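> Dropping in query.cif, with mmCIF, C-alpha atoms.
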```
data_final
loop_
_atom_site.group_PDB
_atom_site.id
_atom_site.type_symbol
_atom_site.label_atom_id
_atom_site.label_comp_id
_atom_site.auth_asym_id
_atom_site.auth_seq_id
_atom_site.Cartn_x
_atom_site.Cartn_y
_atom_site.Cartn_z
ATOM 1 C CA MET A 163 -20.710 289.585 112.731
ATOM 2 C CA THR A 164 -22.610 290.289 109.528
ATOM 3 C CA THR A 165 -22.328 287.459 107.029
ATOM 4 C CA PRO A 166 -22.808 288.793 103.491
ATOM 5 C CA PRO A 167 -24.226 286.630 100.717
ATOM 6 C CA LEU A 168 -21.763 285.047 98.322
ATOM 7 C CA SER A 169 -21.498 287.417 95.346
ATOM 8 C CA GLY A 170 -19.187 285.413 93.109
ATOM 9 C CA PRO A 171 -17.524 282.075 92.518
ATOM 10 C CA VAL A 172 -16.146 279.959 95.351
ATOM 11 C CA ALA A 173 -12.844 278.186 94.669
ATOM 12 C CA VAL A 174 -12.411 274.750 96.246
ATOM 13 C CA ILE A 175 -8.692 274.005 96.059
ATOM 14 C CA ALA A 176 -7.927 270.287 96.107
ATOM 15 C CA GLY A 177 -5.412 267.767 94.857
ATOM 16 C CA GLY A 178 -1.963 269.193 95.321
ATOM 17 C CA LEU A 179 1.434 267.556 95.377
ATOM 18 C CA SER A 180 1.502 265.700 98.678
ATOM 19 C CA HIS A 181 1.158 261.975 99.393
ATOM 20 C CA GLU A 182 -2.455 262.767 100.349
ATOM 21 C CA ARG A 183 -3.453 263.990 96.889
ATOM 22 C CA ASP A 184 -6.120 261.339 96.298
ATOM 23 C CA VAL A 185 -7.746 262.002 99.683
ATOM 24 C CA SER A 186 -7.740 265.718 98.934
ATOM 25 C CA LEU A 187 -9.382 265.186 95.538
ATOM 26 C CA ALA A 188 -12.125 263.132 97.207
ATOM 27 C CA SER A 189 -12.677 265.876 99.800
ATOM 28 C CA GLY A 190 -12.831 268.496 97.063
ATOM 29 C CA ARG A 191 -15.400 266.576 95.024
ATOM 30 C CA ASN A 192 -17.674 266.147 98.024
ATOM 31 C CA LEU A 193 -17.439 269.808 99.023
ATOM 32 C CA VAL A 194 -18.205 270.960 95.476
ATOM 33 C CA ARG A 195 -21.206 268.629 95.329
ATOM 34 C CA GLU A 196 -22.638 269.771 98.678
ATOM 35 C CA LEU A 197 -22.132 273.476 97.992
ATOM 36 C CA SER A 198 -23.600 273.155 94.482
ATOM 37 C CA ALA A 199 -26.688 271.519 95.999
ATOM 38 C CA LEU A 200 -27.116 274.648 98.142
ATOM 39 C CA GLY A 201 -27.054 276.868 95.046
ATOM 40 C CA VAL A 202 -23.478 278.084 95.457
ATOM 41 C CA GLU A 203 -21.447 278.969 92.362
ATOM 42 C CA VAL A 204 -18.416 276.768 93.000
ATOM 43 C CA ALA A 205 -15.578 275.190 91.046
ATOM 44 C CA ALA A 206 -12.622 272.952 91.876
ATOM 45 C CA TYR A 207 -9.030 274.031 91.292
ATOM 46 C CA ASP A 208 -5.885 271.950 91.515
ATOM 47 C CA PHE A 209 -2.814 273.157 93.376
ATOM 48 C CA ASP A 210 -0.510 273.564 90.383
ATOM 49 C CA ARG A 211 1.461 276.161 88.442
ATOM 50 C CA ALA A 212 -1.722 277.636 86.965
ATOM 51 C CA LEU A 213 -3.582 278.037 90.262
ATOM 52 C CA LEU A 214 -2.998 281.732 90.944
ATOM 53 C CA HIS A 215 -3.647 282.664 87.318
ATOM 54 C CA ASN A 216 -6.871 280.649 87.267
ATOM 55 C CA LEU A 217 -8.155 282.124 90.526
ATOM 56 C CA GLU A 218 -7.563 285.666 89.309
ATOM 57 C CA ARG A 219 -8.930 284.901 85.813
ATOM 58 C CA ASP A 220 -12.166 283.502 87.240
ATOM 59 C CA LYS A 221 -12.459 286.293 89.828
ATOM 60 C CA ALA A 222 -12.931 283.886 92.738
ATOM 61 C CA VAL A 223 -14.271 285.830 95.706
ATOM 62 C CA VAL A 224 -13.392 283.322 98.420
ATOM 63 C CA ALA A 225 -11.351 280.116 98.620
ATOM 64 C CA LEU A 226 -11.921 276.848 100.418
ATOM 65 C CA PRO A 227 -8.685 274.860 100.755
ATOM 66 C CA ALA A 228 -9.358 271.113 100.773
ATOM 67 C CA LEU A 229 -5.686 270.217 100.569
ATOM 68 C CA HIS A 230 -4.321 267.688 103.038
ATOM 69 C CA GLY A 231 -0.718 267.342 104.107
ATOM 70 C CA GLN A 232 2.195 269.265 102.628
ATOM 71 C CA PHE A 233 1.322 272.502 100.798
ATOM 72 C CA GLY A 234 -2.217 272.376 102.184
ATOM 73 C CA GLU A 235 -1.890 272.297 105.963
ATOM 74 C CA ASP A 236 1.676 273.541 106.402
ATOM 75 C CA GLY A 237 0.873 277.170 105.596
ATOM 76 C CA GLU A 238 1.838 277.184 101.911
ATOM 77 C CA ILE A 239 -1.558 277.553 100.239
ATOM 78 C CA GLN A 240 -2.588 279.961 102.991
ATOM 79 C CA THR A 241 0.472 282.136 102.291
ATOM 80 C CA LEU A 242 -0.352 282.226 98.574
ATOM 81 C CA LEU A 243 -3.964 283.209 99.195
ATOM 82 C CA GLU A 244 -2.865 285.916 101.630
ATOM 83 C CA LEU A 245 -0.386 287.158 99.027
ATOM 84 C CA ILE A 246 -3.006 287.642 96.300
ATOM 85 C CA GLY A 247 -5.653 288.898 98.708
ATOM 86 C CA ILE A 248 -8.325 286.213 98.377
ATOM 87 C CA PRO A 249 -10.143 285.509 101.654
ATOM 88 C CA TYR A 250 -10.247 281.848 102.602
ATOM 89 C CA VAL A 251 -11.703 279.415 105.098
ATOM 90 C CA GLY A 252 -9.290 278.036 107.625
ATOM 91 C CA THR A 253 -6.294 278.749 109.805
ATOM 92 C CA VAL A 254 -3.841 281.528 108.920
ATOM 93 C CA SER A 255 -0.455 280.588 107.515
ATOM 94 C CA THR A 256 1.616 281.367 110.615
ATOM 95 C CA SER A 257 -0.486 279.147 112.872
ATOM 96 C CA CYS A 258 -0.568 276.383 110.252
ATOM 97 C CA ARG A 259 3.213 276.155 110.311
ATOM 98 C CA VAL A 260 3.178 275.394 114.026
ATOM 99 C CA ALA A 261 0.075 273.179 114.169
ATOM 100 C CA PHE A 262 1.186 271.044 111.216
ATOM 101 C CA ASP A 263 4.218 269.848 113.162
ATOM 102 C CA LYS A 264 2.872 267.275 115.638
ATOM 103 C CA THR A 265 5.889 267.610 117.917
ATOM 104 C CA ALA A 266 5.589 271.399 118.225
ATOM 105 C CA ALA A 267 1.794 271.301 118.465
ATOM 106 C CA ARG A 268 1.865 268.704 121.233
ATOM 107 C CA GLU A 269 4.236 270.812 123.279
ATOM 108 C CA LEU A 270 1.867 273.791 123.047
ATOM 109 C CA LEU A 271 -1.059 271.596 124.052
ATOM 110 C CA ARG A 272 0.887 270.087 126.952
ATOM 111 C CA ARG A 273 1.823 273.548 128.251
ATOM 112 C CA GLY A 274 -1.846 274.486 127.998
ATOM 113 C CA GLY A 275 -2.825 271.608 130.272
ATOM 114 C CA ILE A 276 -4.197 269.290 127.584
ATOM 115 C CA PRO A 277 -3.100 265.646 127.976
ATOM 116 C CA VAL A 278 -0.997 264.300 125.108
ATOM 117 C CA PRO A 279 0.796 260.958 124.688
ATOM 118 C CA ASP A 280 4.275 260.464 126.047
ATOM 119 C CA SER A 281 6.425 260.480 122.917
ATOM 120 C CA VAL A 282 9.876 260.837 121.398
ATOM 121 C CA SER A 283 10.702 262.717 118.187
ATOM 122 C CA LEU A 284 13.519 261.189 116.146
ATOM 123 C CA SER A 285 14.991 262.470 112.872
ATOM 124 C CA SER A 286 16.145 260.189 110.091
ATOM 125 C CA THR A 287 19.629 261.688 110.395
ATOM 126 C CA THR A 288 19.883 260.772 114.066
ATOM 127 C CA PHE A 289 18.506 257.313 113.375
ATOM 128 C CA ARG A 290 21.145 256.767 110.691
ATOM 129 C CA ASP A 291 24.176 258.415 112.297
ATOM 130 C CA VAL A 292 23.825 257.545 115.987
ATOM 131 C CA GLY A 293 22.915 253.914 115.445
ATOM 132 C CA ALA A 294 19.560 252.198 115.677
ATOM 133 C CA PRO A 295 20.228 249.462 118.270
ATOM 134 C CA VAL A 296 21.151 251.751 121.164
ATOM 135 C CA LEU A 297 18.469 254.308 120.302
ATOM 136 C CA MET A 298 15.749 251.681 120.044
ATOM 137 C CA GLU A 299 16.543 250.241 123.446
ATOM 138 C CA HIS A 300 16.225 253.656 125.087
ATOM 139 C CA VAL A 301 12.973 254.421 123.254
ATOM 140 C CA ILE A 302 11.365 251.160 124.378
ATOM 141 C CA SER A 303 12.680 251.624 127.904
ATOM 142 C CA ARG A 304 10.947 255.006 128.113
ATOM 143 C CA LEU A 305 7.715 254.366 126.217
ATOM 144 C CA GLY A 306 7.091 250.656 126.709
ATOM 145 C CA GLU A 307 7.026 247.665 124.385
ATOM 146 C CA ARG A 308 3.925 248.821 122.468
ATOM 147 C CA VAL A 309 4.331 252.079 120.566
ATOM 148 C CA VAL A 310 2.947 253.829 117.496
ATOM 149 C CA VAL A 311 5.292 255.331 114.908
ATOM 150 C CA LYS A 312 4.030 258.140 112.677
ATOM 151 C CA PRO A 313 5.376 261.037 110.603
ATOM 152 C CA SER A 314 5.758 264.241 112.584
ATOM 153 C CA ARG A 315 4.185 266.102 109.661
ATOM 154 C CA GLY A 316 1.386 264.634 107.567
ATOM 155 C CA GLY A 317 -1.832 262.733 107.979
ATOM 156 C CA SER A 318 -4.280 260.242 106.443
ATOM 157 C CA ALA A 319 -2.560 257.415 108.371
ATOM 158 C CA LEU A 320 0.256 257.388 105.814
ATOM 159 C CA GLY A 321 3.452 256.018 107.345
ATOM 160 C CA VAL A 322 1.723 255.050 110.595
ATOM 161 C CA THR A 323 2.696 251.700 112.128
ATOM 162 C CA GLY A 324 1.828 249.997 115.377
ATOM 163 C CA VAL A 325 4.852 248.296 116.955
ATOM 164 C CA ASP A 326 4.874 245.490 119.510
ATOM 165 C CA GLY A 327 8.416 244.929 120.686
ATOM 166 C CA LEU A 328 11.940 246.172 120.086
ATOM 167 C CA SER A 329 12.690 244.080 116.994
ATOM 168 C CA ALA A 330 9.914 245.665 114.898
ATOM 169 C CA LEU A 331 10.755 249.297 115.681
ATOM 170 C CA PRO A 332 13.588 249.961 113.165
ATOM 171 C CA ALA A 333 11.494 248.755 110.202
ATOM 172 C CA ALA A 334 8.565 250.915 111.316
ATOM 173 C CA LEU A 335 10.828 253.962 111.447
ATOM 174 C CA VAL A 336 12.182 253.282 107.961
ATOM 175 C CA LYS A 337 8.579 253.138 106.695
ATOM 176 C CA THR A 338 7.765 256.453 108.363
ATOM 177 C CA TYR A 339 10.885 258.175 106.997
ATOM 178 C CA ALA A 340 9.571 257.507 103.495
ATOM 179 C CA TYR A 341 6.927 260.169 104.233
ATOM 180 C CA CYS A 342 8.731 262.570 106.564
ATOM 181 C CA ASP A 343 12.300 263.031 107.780
ATOM 182 C CA GLU A 344 11.132 263.197 111.391
ATOM 183 C CA ALA A 345 9.250 260.408 113.152
ATOM 184 C CA LEU A 346 7.088 260.662 116.234
ATOM 185 C CA ILE A 347 7.198 257.553 118.422
ATOM 186 C CA GLU A 348 4.419 257.551 121.002
ATOM 187 C CA ARG A 349 3.246 255.301 123.790
ATOM 188 C CA PHE A 350 0.392 253.017 122.728
ATOM 189 C CA TYR A 351 -2.945 253.701 124.395
ATOM 190 C CA ALA A 352 -5.740 251.151 124.178
ATOM 191 C CA GLY A 353 -9.265 252.510 123.996
ATOM 192 C CA ILE A 354 -11.763 254.241 121.725
ATOM 193 C CA ASP A 355 -10.781 256.541 118.851
ATOM 194 C CA VAL A 356 -12.958 259.655 119.139
ATOM 195 C CA SER A 357 -12.819 262.756 116.943
ATOM 196 C CA VAL A 358 -14.447 266.131 117.513
ATOM 197 C CA VAL A 359 -14.871 268.735 114.775
ATOM 198 C CA VAL A 360 -15.240 272.314 115.985
ATOM 199 C CA HIS A 361 -16.363 275.272 113.915
ATOM 200 C CA GLU A 362 -16.572 278.993 114.570
ATOM 201 C CA THR A 363 -19.952 280.683 114.675
ATOM 202 C CA ASP A 364 -21.273 284.086 115.681
ATOM 203 C CA GLU A 365 -21.728 282.615 119.174
ATOM 204 C CA GLY A 366 -18.143 281.364 119.416
ATOM 205 C CA VAL A 367 -16.343 278.099 118.726
ATOM 206 C CA LYS A 368 -18.807 275.199 118.841
ATOM 207 C CA PRO A 369 -18.101 271.452 118.813
ATOM 208 C CA LEU A 370 -20.084 269.057 116.688
ATOM 209 C CA THR A 371 -21.075 265.759 118.279
ATOM 210 C CA PRO A 372 -18.046 263.604 119.186
ATOM 211 C CA ILE A 373 -17.758 260.646 116.837
ATOM 212 C CA ALA A 374 -16.199 257.260 117.597
ATOM 213 C CA ILE A 375 -14.260 255.633 114.773
ATOM 214 C CA ASP A 376 -14.246 251.845 114.613
ATOM 215 C CA PHE A 377 -11.510 250.173 112.553
ATOM 216 C CA SER A 378 -12.196 246.672 113.869
ATOM 217 C CA LYS A 379 -13.883 245.633 110.627
ATOM 218 C CA GLY A 380 -10.572 245.888 108.794
ATOM 219 C CA HIS A 381 -6.982 245.059 109.434
ATOM 220 C CA GLU A 382 -4.527 247.138 111.440
ATOM 221 C CA PHE A 383 -4.925 250.891 111.290
ATOM 222 C CA ASP A 384 -3.355 252.183 108.093
ATOM 223 C CA PHE A 385 -4.304 254.150 104.992
ATOM 224 C CA ALA A 386 -6.500 251.367 103.597
ATOM 225 C CA ALA A 387 -8.329 250.916 106.898
ATOM 226 C CA ARG A 388 -8.898 254.651 107.180
ATOM 227 C CA TYR A 389 -10.254 255.272 103.677
ATOM 228 C CA THR A 390 -12.028 252.043 102.721
ATOM 229 C CA ALA A 391 -15.701 252.273 103.681
ATOM 230 C CA GLU A 392 -16.016 248.559 104.414
ATOM 231 C CA PHE A 393 -13.205 248.776 106.993
ATOM 232 C CA VAL A 394 -14.374 251.784 109.008
ATOM 233 C CA GLY A 395 -17.494 252.564 111.011
ATOM 234 C CA PHE A 396 -18.777 255.686 112.761
ATOM 235 C CA GLY A 397 -21.067 256.210 115.702
ATOM 236 C CA ARG A 398 -21.738 258.301 118.746
ATOM 237 C CA PRO A 399 -19.394 257.038 121.484
ATOM 238 C CA ASP A 400 -20.936 254.959 124.256
ATOM 239 C CA LEU A 401 -19.457 257.239 126.897
ATOM 240 C CA PRO A 402 -20.938 259.229 129.814
ATOM 241 C CA GLU A 403 -22.432 262.575 128.846
ATOM 242 C CA PRO A 404 -20.031 264.561 131.111
ATOM 243 C CA LEU A 405 -17.073 262.924 129.356
ATOM 244 C CA LEU A 406 -18.498 263.691 125.911
ATOM 245 C CA ALA A 407 -18.944 267.311 126.977
ATOM 246 C CA GLU A 408 -15.349 267.392 128.244
ATOM 247 C CA LEU A 409 -14.077 266.093 124.914
ATOM 248 C CA GLY A 410 -15.959 268.875 123.130
ATOM 249 C CA GLU A 411 -14.577 271.503 125.501
ATOM 250 C CA THR A 412 -11.041 270.144 125.093
ATOM 251 C CA ALA A 413 -11.332 270.266 121.299
ATOM 252 C CA VAL A 414 -12.355 273.923 121.545
ATOM 253 C CA ARG A 415 -9.388 274.663 123.842
ATOM 254 C CA ALA A 416 -6.991 272.875 121.490
ATOM 255 C CA HIS A 417 -8.367 274.863 118.547
ATOM 256 C CA GLU A 418 -7.740 278.105 120.414
ATOM 257 C CA LEU A 419 -4.348 277.170 121.897
ATOM 258 C CA LEU A 420 -2.967 276.393 118.442
ATOM 259 C CA GLY A 421 -4.333 279.606 116.964
ATOM 260 C CA MET A 422 -6.666 277.836 114.576
ATOM 261 C CA ARG A 423 -9.481 279.574 112.753
ATOM 262 C CA ASP A 424 -12.877 278.577 111.361
ATOM 263 C CA ILE A 425 -12.665 274.796 111.678
ATOM 264 C CA SER A 426 -10.473 271.991 113.004
ATOM 265 C CA ARG A 427 -10.716 268.379 114.117
ATOM 266 C CA THR A 428 -9.225 266.997 117.324
ATOM 267 C CA ASP A 429 -8.506 263.286 117.563
ATOM 268 C CA PHE A 430 -8.601 261.584 120.960
ATOM 269 C CA MET A 431 -7.853 258.196 122.405
ATOM 270 C CA VAL A 432 -10.238 257.534 125.296
ATOM 271 C CA THR A 433 -9.038 254.745 127.586
ATOM 272 C CA PRO A 434 -11.303 252.313 129.484
ATOM 273 C CA ASP A 435 -10.875 254.250 132.743
ATOM 274 C CA GLY A 436 -12.340 257.403 131.158
ATOM 275 C CA SER A 437 -9.079 259.304 130.778
ATOM 276 C CA PHE A 438 -7.973 260.551 127.363
ATOM 277 C CA VAL A 439 -5.087 261.959 125.361
ATOM 278 C CA VAL A 440 -5.129 264.212 122.294
ATOM 279 C CA LEU A 441 -3.389 262.461 119.408
ATOM 280 C CA GLU A 442 -3.617 265.211 116.812
ATOM 281 C CA VAL A 443 -5.393 268.415 115.828
ATOM 282 C CA ALA A 444 -6.128 268.506 112.093
ATOM 283 C CA ILE A 445 -6.001 271.866 110.343
ATOM 284 C CA THR A 446 -8.200 270.789 107.414
ATOM 285 C CA PRO A 447 -10.715 268.108 108.401
ATOM 286 C CA GLY A 448 -11.343 265.544 105.702
ATOM 287 C CA ALA A 449 -14.557 265.625 103.686
ATOM 288 C CA THR A 450 -14.496 262.124 102.196
ATOM 289 C CA GLU A 451 -17.083 259.377 102.564
ATOM 290 C CA THR A 452 -15.068 257.997 105.499
ATOM 291 C CA SER A 453 -14.388 261.333 107.214
ATOM 292 C CA VAL A 454 -15.755 262.468 110.548
ATOM 293 C CA PHE A 455 -16.865 265.955 109.440
ATOM 294 C CA PRO A 456 -19.842 265.023 107.211
ATOM 295 C CA PHE A 457 -20.980 262.308 109.623
ATOM 296 C CA ALA A 458 -20.866 264.627 112.671
ATOM 297 C CA ALA A 459 -22.681 267.423 110.844
ATOM 298 C CA LYS A 460 -25.464 265.067 109.774
ATOM 299 C CA HIS A 461 -25.767 263.749 113.341
ATOM 300 C CA ASP A 462 -26.306 267.329 114.544
ATOM 301 C CA GLY A 463 -29.146 267.920 112.109
ATOM 302 C CA THR A 464 -27.175 269.955 109.601
ATOM 303 C CA SER A 465 -24.821 269.071 106.753
ATOM 304 C CA MET A 466 -21.200 269.522 105.833
ATOM 305 C CA GLY A 467 -22.320 271.856 103.060
ATOM 306 C CA GLU A 468 -24.340 274.089 105.383
ATOM 307 C CA VAL A 469 -21.514 274.336 107.933
ATOM 308 C CA THR A 470 -19.042 275.111 105.139
ATOM 309 C CA LEU A 471 -21.307 277.724 103.568
ATOM 310 C CA ALA A 472 -21.515 279.547 106.899
ATOM 311 C CA LEU A 473 -17.709 279.500 107.158
ATOM 312 C CA LEU A 474 -17.356 280.856 103.620
ATOM 313 C CA LYS A 475 -19.611 283.769 104.508
ATOM 314 C CA ARG A 476 -17.560 284.420 107.655
ATOM 315 C CA ALA A 477 -14.394 284.448 105.564
ATOM 316 C CA LEU A 478 -15.915 287.033 103.225
ATOM 317 C CA SER A 479 -16.862 289.239 106.165
ATOM 318 C CA ARG A 480 -13.275 289.464 107.443
#
```
As structure tokens, please, write out the structure in this file.

Amino acid sequence: MTTPPLSGPVAVIAGGLSHERDVSLASGRNLVRELSALGVEVAAYDFDRALLHNLERDKAVVALPALHGQFGEDGEIQTLLELIGIPYVGTVSTSCRVAFDKTAARELLRRGGIPVPDSVSLSSTTFRDVGAPVLMEHVISRLGERVVVKPSRGGSALGVTGVDGLSALPAALVKTYAYCDEALIERFYAGIDVSVVVHETDEGVKPLTPIAIDFSKGHEFDFAARYTAEFVGFGRPDLPEPLLAELGETAVRAHELLGMRDISRTDFMVTPDGSFVVLEVAITPGATETSVFPFAAKHDGTSMGEVTLALLKRALSR
């Protein structure tokens, strides 16, 4: 594939209207800074009523969505860019709509032979109308006393709660329903959090180095632990090389099974016995100071900006 030079302004679209707005703004700032340092003509745009007008006014030649959560990873911004004919980095709108829903995405991964956590999806309507006590007993009976409750759609650890025992489950669900009307309750797996970013190149889909995420410096895993530098640490996992290679290969397979394009991030939990499950596949990897993408790129001798610039050129060539 021939990758033409960038012949006009690049639009980094960040911010938006979701609960993850602040994370998106941080990602956008970092991407603008890294691309500017490489000599790219780039500007940030918010996802608002003026977006389409501003993109057309400024004659943006290619877009880089840095939106997280609703409107950014659910296919909305992708649909708008497709509608006005601006090429963009990332997964097409139709695949976003499936991959953004953790319940639907996990079923596709499971059918493709990729291990995922045992889980139950429960809507707020069912929780309210059927009655919590009976439901909670069945959930715990199936999944065990220790579970994790998270929104079926969304990210950035918003609405995520670890639960130890039946009595704490209803409150955790209420917290999750504040972010999404469908909750995913999954079996708790102890082990190492490992994330793998994959990106498409002329030689195919390639994984960056797997990165272990350590939240032990903070409190329980939540938004603050995930996005406060003093609470989170990164490093290459202390795992056997064959297992690291398998994680990379699995991330590539997940990327392809979900119909993703250009770039994605797969999050794993690796248990002490060397087995693993895929927790999530992110459509738009974060680009903040506490995100895996810039750390993994640097570990591989490149940078987030250089990887992104190559993806922008690929988008222009489509």
> Please evaluate the PyMOL selection byres ((chain A and resi 202-219) around 10) against the displayed coordinates and give the resulting residues as a ChimeraX atom specification.
/A:168-179,183,186-187,190-191,193-201,220-229,233-234,239,242-243,246,248,467,471
> What's around stretch 443-455 of chain A at 8 Å? Count all atoms listed in the file, leave out sequence neighbours fewer than 6 positions away in its own chain, and write the answer as a PDB file with C-alpha atoms, keeping the file's coordinate frame.

```
ATOM      1  CA  VAL A 185      -7.746 262.002  99.683  1.00  0.00           C
ATOM      2  CA  SER A 186      -7.740 265.718  98.934  1.00  0.00           C
ATOM      3  CA  ALA A 188     -12.125 263.132  97.207  1.00  0.00           C
ATOM      4  CA  SER A 189     -12.677 265.876  99.800  1.00  0.00           C
ATOM      5  CA  GLY A 190     -12.831 268.496  97.063  1.00  0.00           C
ATOM      6  CA  ASN A 192     -17.674 266.147  98.024  1.00  0.00           C
ATOM      7  CA  LEU A 193     -17.439 269.808  99.023  1.00  0.00           C
ATOM      8  CA  PRO A 227      -8.685 274.860 100.755  1.00  0.00           C
ATOM      9  CA  ALA A 228      -9.358 271.113 100.773  1.00  0.00           C
ATOM     10  CA  LEU A 229      -5.686 270.217 100.569  1.00  0.00           C
ATOM     11  CA  HIS A 230      -4.321 267.688 103.038  1.00  0.00           C
ATOM     12  CA  GLU A 235      -1.890 272.297 105.963  1.00  0.00           C
ATOM     13  CA  GLY A 252      -9.290 278.036 107.625  1.00  0.00           C
ATOM     14  CA  THR A 253      -6.294 278.749 109.805  1.00  0.00           C
ATOM     15  CA  CYS A 258      -0.568 276.383 110.252  1.00  0.00           C
ATOM     16  CA  ALA A 261       0.075 273.179 114.169  1.00  0.00           C
ATOM     17  CA  PHE A 262       1.186 271.044 111.216  1.00  0.00           C
ATOM     18  CA  SER A 357     -12.819 262.756 116.943  1.00  0.00           C
ATOM     19  CA  VAL A 358     -14.447 266.131 117.513  1.00  0.00           C
ATOM     20  CA  VAL A 359     -14.871 268.735 114.775  1.00  0.00           C
ATOM     21  CA  ILE A 373     -17.758 260.646 116.837  1.00  0.00           C
ATOM     22  CA  ARG A 388      -8.898 254.651 107.180  1.00  0.00           C
ATOM     23  CA  TYR A 389     -10.254 255.272 103.677  1.00  0.00           C
ATOM     24  CA  THR A 390     -12.028 252.043 102.721  1.00  0.00           C
ATOM     25  CA  ALA A 391     -15.701 252.273 103.681  1.00  0.00           C
ATOM     26  CA  VAL A 394     -14.374 251.784 109.008  1.00  0.00           C
ATOM     27  CA  PHE A 396     -18.777 255.686 112.761  1.00  0.00           C
ATOM     28  CA  ALA A 416      -6.991 272.875 121.490  1.00  0.00           C
ATOM     29  CA  HIS A 417      -8.367 274.863 118.547  1.00  0.00           C
ATOM     30  CA  MET A 422      -6.666 277.836 114.576  1.00  0.00           C
ATOM     31  CA  ILE A 425     -12.665 274.796 111.678  1.00  0.00           C
ATOM     32  CA  SER A 426     -10.473 271.991 113.004  1.00  0.00           C
ATOM     33  CA  ARG A 427     -10.716 268.379 114.117  1.00  0.00           C
ATOM     34  CA  THR A 428      -9.225 266.997 117.324  1.00  0.00           C
ATOM     35  CA  ASP A 429      -8.506 263.286 117.563  1.00  0.00           C
ATOM     36  CA  MET A 466     -21.200 269.522 105.833  1.00  0.00           C
TER      37      MET A 466
END
```
> What residues come out when you apply the PyMOL selection byres ((chain A and resi 432-435) around 6) to this file, written as a PyMOL selection string?
chain A and resi 352-354+431+436-438
> Please report, as AutoDock Vina command-line options, the centre and edge lengths in Å to one decimal of an axis-aligned box covering all listed atoms of stretch 193-208 of chain A with 8 Å per side.

```
--center_x -16.5 --center_y 273.8 --center_z 95.0 --size_x 37.2 --size_y 26.3 --size_z 24.0
```
> Please, what distance in Å, to one decimal, runs between atom CA of A:Glu468 and atom CA of A:Gln232?
27.1 Å
> Tell me which residues the PyMOL selection byres ((chain A and resi 181) around 8) grabs here, as a ChimeraX atom specification.
/A:179-180,182-184,231,320,341
> Supply stretch 262-266 of chain A as a PDB file, in the frame of the given file, with all heavy atoms built in where the input has gaps.

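Output saved as result_7.pdb:
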```pdb
ATOM      1  N   PHE A 262       0.932 272.161 112.121  1.00  0.00           N
ATOM      2  CA  PHE A 262       1.186 271.044 111.216  1.00  0.00           C
ATOM      3  C   PHE A 262       2.269 270.116 111.752  1.00  0.00           C
ATOM      4  O   PHE A 262       2.305 268.934 111.413  1.00  0.00           O
ATOM      5  CB  PHE A 262       1.589 271.575 109.840  1.00  0.00           C
ATOM      6  CG  PHE A 262       1.731 270.507 108.783  1.00  0.00           C
ATOM      7  CD1 PHE A 262       0.651 269.724 108.410  1.00  0.00           C
ATOM      8  CD2 PHE A 262       2.950 270.292 108.156  1.00  0.00           C
ATOM      9  CE1 PHE A 262       0.780 268.754 107.428  1.00  0.00           C
ATOM     10  CE2 PHE A 262       3.088 269.316 107.180  1.00  0.00           C
ATOM     11  CZ  PHE A 262       2.002 268.547 106.816  1.00  0.00           C
ATOM     12  N   ASP A 263       3.147 270.646 112.569  1.00  0.00           N
ATOM     13  CA  ASP A 263       4.218 269.848 113.162  1.00  0.00           C
ATOM     14  C   ASP A 263       3.696 269.236 114.459  1.00  0.00           C
ATOM     15  O   ASP A 263       3.486 269.934 115.445  1.00  0.00           O
ATOM     16  CB  ASP A 263       5.439 270.726 113.429  1.00  0.00           C
ATOM     17  CG  ASP A 263       6.650 269.933 113.868  1.00  0.00           C
ATOM     18  OD1 ASP A 263       6.520 269.141 114.828  1.00  0.00           O
ATOM     19  OD2 ASP A 263       7.727 270.105 113.280  1.00  0.00           O
ATOM     20  N   LYS A 264       3.473 267.928 114.477  1.00  0.00           N
ATOM     21  CA  LYS A 264       2.872 267.275 115.638  1.00  0.00           C
ATOM     22  C   LYS A 264       3.710 267.470 116.896  1.00  0.00           C
ATOM     23  O   LYS A 264       3.163 267.620 117.994  1.00  0.00           O
ATOM     24  CB  LYS A 264       2.664 265.789 115.361  1.00  0.00           C
ATOM     25  CG  LYS A 264       1.651 265.468 114.282  1.00  0.00           C
ATOM     26  CD  LYS A 264       1.499 263.966 114.122  1.00  0.00           C
ATOM     27  CE  LYS A 264       0.477 263.590 113.053  1.00  0.00           C
ATOM     28  NZ  LYS A 264       0.933 263.947 111.691  1.00  0.00           N
ATOM     29  N   THR A 265       5.029 267.450 116.745  1.00  0.00           N
ATOM     30  CA  THR A 265       5.889 267.610 117.917  1.00  0.00           C
ATOM     31  C   THR A 265       5.711 268.988 118.539  1.00  0.00           C
ATOM     32  O   THR A 265       5.533 269.121 119.761  1.00  0.00           O
ATOM     33  CB  THR A 265       7.365 267.390 117.537  1.00  0.00           C
ATOM     34  OG1 THR A 265       7.517 266.087 116.955  1.00  0.00           O
ATOM     35  CG2 THR A 265       8.266 267.507 118.747  1.00  0.00           C
ATOM     36  N   ALA A 266       5.750 270.034 117.720  1.00  0.00           N
ATOM     37  CA  ALA A 266       5.589 271.399 118.225  1.00  0.00           C
ATOM     38  C   ALA A 266       4.182 271.618 118.761  1.00  0.00           C
ATOM     39  O   ALA A 266       3.993 272.240 119.825  1.00  0.00           O
ATOM     40  CB  ALA A 266       5.893 272.403 117.109  1.00  0.00           C
TER      41      ALA A 266
END
```
